[in-house]
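What follows is one structure encoded as structure tokens, with my remarks underneath.
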Amino acid sequence: MDRRRNLTGWAFLLPASILIVLVSFVPMIQAFILSLQTGRGTRLEFADPLWYNYQRLWSDEIFKQTLGNTFVYLLIQVPIMLVLAMVLANLLNNPRLKAKAFWRTAIFLPAAVALVSYSLVFRTMFATDGFVNDALAVFGVAPINWLGEPETARVVIILGLLWRWTGYNMIFFLAGLQNIDRSTLEAARIDGANSFQTFWHVTVPQLRPMIVLTAILSTNGTLQLFDESWALTRGGPAYATMTMSHYLYEISFQRNPNFGYGAALSYVILLLVAVFAFIQLRVGDKRD
Amino acid sequence: MTSVIRKLRDAPGYLFLGIWTLFSLFPLYFMVVSATNTSQDVLASRLLPGGELFANFVKLFAAQDLLAAMGSSFAIAAGTTVLALIVCSIAGYGFEVYHSKGKDLLMGVLLLAMMIPFAATMIPLFQVFAKLGMVNSLFAVIIPAISTPLLILLFRQSSRSFPSEILEAARMDGLNELSIFARIYVPTMRATFAAAGVITFMAAWNNFLWPRVILIKNEVQTMPMLIVNLSAGYVTDYGVLMLAVLLASLPAVVVFLVLQRSFANGIVGAIK
């Protein structure tokens, strides 16, 4: 009877497991093999040396640019977003706050909007003759060519990412805050801690698992950015805002498709995701 | 007196919440209002509703096959959601209720798939679907999204709260294992199904990269692809574009507003 049940269990989880193996693990291995090959279209052969595509990436100026862009988003946008998300979650967790449901819905709502949708709204608002410049003109600021200059274009992407994802991350911190023992906050207050000290020394340590989780998820997402680069800035000006995934798409599916080279680039993304997750898990654990 | 001080202390918080809420809502307001204005009015930053909604609709219909894109997007989102709920719920249930060392190990391996970026599987997936003659097929969009470790995890976690007494009682009554799952587990786990359903629907509706890769023919496109195509012309009609963006966003936003709690539980729930 137990044996039969055990088999039933396997039957239940097999379809899902086989699908994951077929659409994730098998292609991942194929991509690695592909990354060692050169040639166009379907006529591929192993490269000489085998790591030729990786070597080529190393001297590819556009790839280095997209790698740098991704790191700019990672190092500037992710920390700002997580701090903002934590502050907003704290404000929403205030028991005296009125109209809580309204604030939460309004701040969380951008998470429902498709990435290309908001990208096009931001593209429209930041057009040279668009809303943002009109609003700034009221304060006497001359029109800015937001999407035409590397720095300002990156600023627009970062603003867009903050808009889309801060509320999403706030939800994780809200869930984390609900598990915090209120008596620890009371104790801190009785000990004379002000609200910032309470937040920093009592709340933040208890939120650590959520901080690690949101950091890993955001890093993972940032390393794979595509839609914003494609629809908001189209990677431009030149390659100043293009992300690695956008360049990967260009190499693999536009002009002269080169699957081997694209696969090598995709493995750099895979490696970065793994390394960052490992570091963040390590750092997250150590402070215990 | 103390209440006045308290209110003063809360003031910066309210101010910050207010500013962020304005920042959150304004682009959405801008999108809705612009859908009712002409392109010139959008660029002139007219922030009041206009009378151009119908005219924009007419122009949108003339420029793009809106109904086909809506149809494809709905078929993909609904198909993915239904299949994902069936496949992942039964797997999550299986991993928890019949758990054994081997199954736990398999779960651990499957979880690793969460860390595989889609980019690293995209090219071989394209090659396989091309070999199968499924380029431009909606099934090719759906299949890679059916089974996800996150959803399996969500169902496995919630299966923990499924009382084993009910399971035993049902077995005593002579129900077979599949009917226990279908007739008892599924109806009691409505909340988990709602959470899993809403995150899957929204992800499928909003997905862009994979449909962009596998749907090559111009006539087969999803709503996100349609709006990007609309913006790619040399001259953009911003009123028409914002109307299309609004239509592309509306279904996911409505689902979100109705099932917001479920969505929040879905994205956080699997991890707890």
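Letters for chains follow the order of the structure tokens (A, B, ...), residue numbers begin at 1 for each chain, and ligand numbers begin at 1 in the order shown.
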Checklist entry - If you count only C-alpha atoms, which residues fall within 12 Å of Val268 of chain A, apart from same-chain ones fewer than 5 positions away, as number ranges by chain? => result A: 31-32, 35, 53-55, 57-58, 63-64, 66-67, 223-224, 244-245, 248, 261-263, 273-275; B: 116-117, 119-120
Every residue of segment 182-221 of chain B that DSSP places in alpha helix (DSSP H), as a PDB file with N, CA and C atoms, in the first residue's frame:
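Final output, saved to result.pdb:
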```pdb
ATOM      1  N   VAL B 186      -8.383  20.466  -3.783  1.00  0.00           N
ATOM      2  CA  VAL B 186      -8.576  21.633  -4.656  1.00  0.00           C
ATOM      3  C   VAL B 186      -9.610  22.616  -4.087  1.00  0.00           C
ATOM      4  N   PRO B 187     -10.809  22.159  -3.679  1.00  0.00           N
ATOM      5  CA  PRO B 187     -11.772  23.134  -3.153  1.00  0.00           C
ATOM      6  C   PRO B 187     -11.334  23.807  -1.851  1.00  0.00           C
ATOM      7  N   THR B 188     -10.539  23.117  -1.016  1.00  0.00           N
ATOM      8  CA  THR B 188     -10.144  23.761   0.248  1.00  0.00           C
ATOM      9  C   THR B 188      -8.993  24.742   0.054  1.00  0.00           C
ATOM     10  N   ARG B 190      -8.634  27.096  -2.198  1.00  0.00           N
ATOM     11  CA  ARG B 190      -9.012  28.167  -3.133  1.00  0.00           C
ATOM     12  C   ARG B 190      -8.079  29.373  -3.069  1.00  0.00           C
ATOM     13  N   ALA B 191      -7.689  29.755  -1.846  1.00  0.00           N
ATOM     14  CA  ALA B 191      -6.850  30.950  -1.692  1.00  0.00           C
ATOM     15  C   ALA B 191      -5.514  30.764  -2.400  1.00  0.00           C
ATOM     16  N   THR B 192      -4.930  29.581  -2.256  1.00  0.00           N
ATOM     17  CA  THR B 192      -3.649  29.321  -2.921  1.00  0.00           C
ATOM     18  C   THR B 192      -3.813  29.335  -4.433  1.00  0.00           C
ATOM     19  N   PHE B 193      -4.921  28.760  -4.912  1.00  0.00           N
ATOM     20  CA  PHE B 193      -5.155  28.775  -6.358  1.00  0.00           C
ATOM     21  C   PHE B 193      -5.326  30.205  -6.872  1.00  0.00           C
ATOM     22  N   ALA B 194      -6.004  31.042  -6.091  1.00  0.00           N
ATOM     23  CA  ALA B 194      -6.168  32.439  -6.508  1.00  0.00           C
ATOM     24  C   ALA B 194      -4.809  33.132  -6.574  1.00  0.00           C
ATOM     25  N   ALA B 195      -3.979  32.920  -5.552  1.00  0.00           N
ATOM     26  CA  ALA B 195      -2.653  33.553  -5.519  1.00  0.00           C
ATOM     27  C   ALA B 195      -1.807  33.070  -6.696  1.00  0.00           C
ATOM     28  N   ALA B 196      -1.786  31.757  -6.904  1.00  0.00           N
ATOM     29  CA  ALA B 196      -0.985  31.201  -7.994  1.00  0.00           C
ATOM     30  C   ALA B 196      -1.541  31.654  -9.344  1.00  0.00           C
ATOM     31  N   GLY B 197      -2.860  31.707  -9.447  1.00  0.00           N
ATOM     32  CA  GLY B 197      -3.493  32.102 -10.700  1.00  0.00           C
ATOM     33  C   GLY B 197      -3.173  33.540 -11.057  1.00  0.00           C
ATOM     34  N   VAL B 198      -3.261  34.436 -10.086  1.00  0.00           N
ATOM     35  CA  VAL B 198      -3.062  35.852 -10.402  1.00  0.00           C
ATOM     36  C   VAL B 198      -1.608  36.142 -10.758  1.00  0.00           C
ATOM     37  N   ILE B 199      -0.636  35.520 -10.055  1.00  0.00           N
ATOM     38  CA  ILE B 199       0.756  35.807 -10.445  1.00  0.00           C
ATOM     39  C   ILE B 199       1.070  35.213 -11.822  1.00  0.00           C
ATOM     40  N   THR B 200       0.493  34.052 -12.131  1.00  0.00           N
ATOM     41  CA  THR B 200       0.763  33.445 -13.441  1.00  0.00           C
ATOM     42  C   THR B 200       0.116  34.246 -14.565  1.00  0.00           C
ATOM     43  N   PHE B 201      -1.148  34.641 -14.355  1.00  0.00           N
ATOM     44  CA  PHE B 201      -1.847  35.399 -15.391  1.00  0.00           C
ATOM     45  C   PHE B 201      -1.108  36.698 -15.698  1.00  0.00           C
ATOM     46  N   MET B 202      -0.741  37.422 -14.627  1.00  0.00           N
ATOM     47  CA  MET B 202      -0.089  38.719 -14.847  1.00  0.00           C
ATOM     48  C   MET B 202       1.269  38.561 -15.517  1.00  0.00           C
ATOM     49  N   ALA B 203       2.035  37.548 -15.092  1.00  0.00           N
ATOM     50  CA  ALA B 203       3.349  37.342 -15.715  1.00  0.00           C
ATOM     51  C   ALA B 203       3.176  36.989 -17.193  1.00  0.00           C
ATOM     52  N   ALA B 204       2.194  36.126 -17.497  1.00  0.00           N
ATOM     53  CA  ALA B 204       1.992  35.707 -18.887  1.00  0.00           C
ATOM     54  C   ALA B 204       1.484  36.875 -19.730  1.00  0.00           C
ATOM     55  N   TRP B 205       0.577  37.651 -19.179  1.00  0.00           N
ATOM     56  CA  TRP B 205       0.025  38.787 -19.925  1.00  0.00           C
ATOM     57  C   TRP B 205       1.098  39.820 -20.228  1.00  0.00           C
ATOM     58  N   ASN B 206       1.985  40.056 -19.256  1.00  0.00           N
ATOM     59  CA  ASN B 206       2.972  41.123 -19.396  1.00  0.00           C
ATOM     60  C   ASN B 206       4.260  40.686 -20.083  1.00  0.00           C
ATOM     61  N   LEU B 209       9.793  39.374 -23.787  1.00  0.00           N
ATOM     62  CA  LEU B 209      10.991  38.879 -24.475  1.00  0.00           C
ATOM     63  C   LEU B 209      10.737  37.586 -25.251  1.00  0.00           C
ATOM     64  N   TRP B 210      10.190  36.563 -24.585  1.00  0.00           N
ATOM     65  CA  TRP B 210      10.017  35.275 -25.258  1.00  0.00           C
ATOM     66  C   TRP B 210       9.010  35.351 -26.409  1.00  0.00           C
ATOM     67  N   PRO B 211       7.830  35.981 -26.219  1.00  0.00           N
ATOM     68  CA  PRO B 211       6.937  36.162 -27.377  1.00  0.00           C
ATOM     69  C   PRO B 211       7.625  36.907 -28.519  1.00  0.00           C
ATOM     70  N   ARG B 212       8.428  37.903 -28.173  1.00  0.00           N
ATOM     71  CA  ARG B 212       9.166  38.683 -29.186  1.00  0.00           C
ATOM     72  C   ARG B 212      10.101  37.772 -29.982  1.00  0.00           C
ATOM     73  N   VAL B 213      10.693  36.776 -29.284  1.00  0.00           N
ATOM     74  CA  VAL B 213      11.630  35.874 -29.953  1.00  0.00           C
ATOM     75  C   VAL B 213      10.901  34.863 -30.839  1.00  0.00           C
ATOM     76  N   ILE B 214       9.853  34.257 -30.312  1.00  0.00           N
ATOM     77  CA  ILE B 214       9.268  33.089 -30.983  1.00  0.00           C
ATOM     78  C   ILE B 214       8.142  33.464 -31.950  1.00  0.00           C
TER      79      ILE B 214
END
```
Next on the checklist: Which residues are near Thr38 of chain B? Cut-off 7 Å, only C-alpha atoms, ignore same chain within fewer than 3 positions. Put them as a ChimeraX atom specification.
Outcome noted: /B:41-42,52,239
Next on the checklist: Measuring between only C-alpha atoms, which one of B:Ile123, B:Met134, B:Leu175, B:Val32 shows the shortest distance to chain A?
Outcome noted: B:Ile123
Item to check | Spatial neighbours of Tyr29 of chain B, 12 Å, only C-alpha atoms, chain gap at least 4 places, as a count of residues only | outcome: 20
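In this comparison, which uses only C-alpha atoms, the residue of B:Thr236, B:Asn207, B:Thr121, B:Ser147 approaching Leu270 of chain A most closely is B:Thr121.
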Under the rule of at most 12 Å, produce a per-residue listing of segment 173-255 of chain B near segment 53-69 of chain B: chain, number, name, the closest pair of atoms, and the distance in Å, as JSON lines, using only C-alpha atoms.
```
{"residue": "B:Trp205", "atom": "CA", "partner": "B:Ala69", "partner_atom": "CA", "distance": 11.3}
{"residue": "B:Pro211", "atom": "CA", "partner": "B:Ala69", "partner_atom": "CA", "distance": 11.8}
{"residue": "B:Leu215", "atom": "CA", "partner": "B:Ala69", "partner_atom": "CA", "distance": 11.7}
{"residue": "B:Asn218", "atom": "CA", "partner": "B:Asp65", "partner_atom": "CA", "distance": 10.0}
{"residue": "B:Glu219", "atom": "CA", "partner": "B:Asp65", "partner_atom": "CA", "distance": 7.9}
{"residue": "B:Val220", "atom": "CA", "partner": "B:Ala69", "partner_atom": "CA", "distance": 7.2}
{"residue": "B:Gln221", "atom": "CA", "partner": "B:Ala69", "partner_atom": "CA", "distance": 5.4}
{"residue": "B:Thr222", "atom": "CA", "partner": "B:Ala69", "partner_atom": "CA", "distance": 4.8}
{"residue": "B:Met223", "atom": "CA", "partner": "B:Ala69", "partner_atom": "CA", "distance": 5.3}
{"residue": "B:Pro224", "atom": "CA", "partner": "B:Ala69", "partner_atom": "CA", "distance": 8.8}
{"residue": "B:Met225", "atom": "CA", "partner": "B:Ala69", "partner_atom": "CA", "distance": 8.4}
{"residue": "B:Leu226", "atom": "CA", "partner": "B:Ala69", "partner_atom": "CA", "distance": 6.9}
{"residue": "B:Ile227", "atom": "CA", "partner": "B:Gln64", "partner_atom": "CA", "distance": 9.2}
{"residue": "B:Val228", "atom": "CA", "partner": "B:Gln64", "partner_atom": "CA", "distance": 11.4}
{"residue": "B:Asn229", "atom": "CA", "partner": "B:Gln64", "partner_atom": "CA", "distance": 9.0}
{"residue": "B:Leu230", "atom": "CA", "partner": "B:Gln64", "partner_atom": "CA", "distance": 7.8}
{"residue": "B:Ser231", "atom": "CA", "partner": "B:Ala63", "partner_atom": "CA", "distance": 11.3}
{"residue": "B:Gly233", "atom": "CA", "partner": "B:Ala63", "partner_atom": "CA", "distance": 10.8}
{"residue": "B:Thr236", "atom": "CA", "partner": "B:Ala63", "partner_atom": "CA", "distance": 11.4}
{"residue": "B:Asp237", "atom": "CA", "partner": "B:Asn56", "partner_atom": "CA", "distance": 9.1}
{"residue": "B:Tyr238", "atom": "CA", "partner": "B:Asn56", "partner_atom": "CA", "distance": 9.6}
{"residue": "B:Gly239", "atom": "CA", "partner": "B:Asn56", "partner_atom": "CA", "distance": 6.5}
{"residue": "B:Val240", "atom": "CA", "partner": "B:Asn56", "partner_atom": "CA", "distance": 5.0}
{"residue": "B:Leu241", "atom": "CA", "partner": "B:Leu60", "partner_atom": "CA", "distance": 8.0}
{"residue": "B:Met242", "atom": "CA", "partner": "B:Asn56", "partner_atom": "CA", "distance": 9.3}
{"residue": "B:Leu243", "atom": "CA", "partner": "B:Asn56", "partner_atom": "CA", "distance": 7.1}
{"residue": "B:Ala244", "atom": "CA", "partner": "B:Leu60", "partner_atom": "CA", "distance": 7.3}
{"residue": "B:Val245", "atom": "CA", "partner": "B:Leu60", "partner_atom": "CA", "distance": 11.0}
{"residue": "B:Leu246", "atom": "CA", "partner": "B:Leu53", "partner_atom": "CA", "distance": 11.5}
{"residue": "B:Leu247", "atom": "CA", "partner": "B:Leu66", "partner_atom": "CA", "distance": 9.5}
{"residue": "B:Ala248", "atom": "CA", "partner": "B:Ala69", "partner_atom": "CA", "distance": 9.5}
```
Could you save those same residues with C-alpha atoms as a CSV table (one decimal), in the first residue's frame?
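Written out: again-v7.csv:
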```
chain,number,residue,atom,x,y,z
B,205,TRP,CA,0.0,38.8,-19.9
B,211,PRO,CA,6.9,36.2,-27.4
B,215,LEU,CA,6.5,35.1,-32.7
B,218,ASN,CA,3.9,40.4,-38.1
B,219,GLU,CA,0.3,39.1,-38.0
B,220,VAL,CA,0.9,37.1,-34.8
B,221,GLN,CA,1.6,39.4,-31.9
B,222,THR,CA,0.7,40.0,-28.3
B,223,MET,CA,-0.5,43.3,-26.8
B,224,PRO,CA,3.0,44.2,-25.5
B,225,MET,CA,4.4,43.6,-28.9
B,226,LEU,CA,1.7,45.6,-30.6
B,227,ILE,CA,2.4,48.7,-28.5
B,228,VAL,CA,6.1,48.5,-29.1
B,229,ASN,CA,5.5,48.2,-32.9
B,230,LEU,CA,3.2,51.2,-32.6
B,231,SER,CA,5.9,53.3,-31.0
B,233,GLY,CA,7.3,54.2,-36.5
B,236,THR,CA,4.4,58.5,-33.3
B,237,ASP,CA,0.9,59.5,-32.6
B,238,TYR,CA,1.1,59.8,-28.8
B,239,GLY,CA,-2.7,59.8,-28.2
B,240,VAL,CA,-3.1,56.6,-30.1
B,241,LEU,CA,-0.1,55.1,-28.5
B,242,MET,CA,-1.3,55.9,-25.0
B,243,LEU,CA,-4.7,54.4,-25.8
B,244,ALA,CA,-3.0,51.2,-26.9
B,245,VAL,CA,-0.8,51.2,-23.8
B,246,LEU,CA,-3.9,51.6,-21.7
B,247,LEU,CA,-5.6,48.7,-23.4
B,248,ALA,CA,-2.5,46.6,-23.0
```
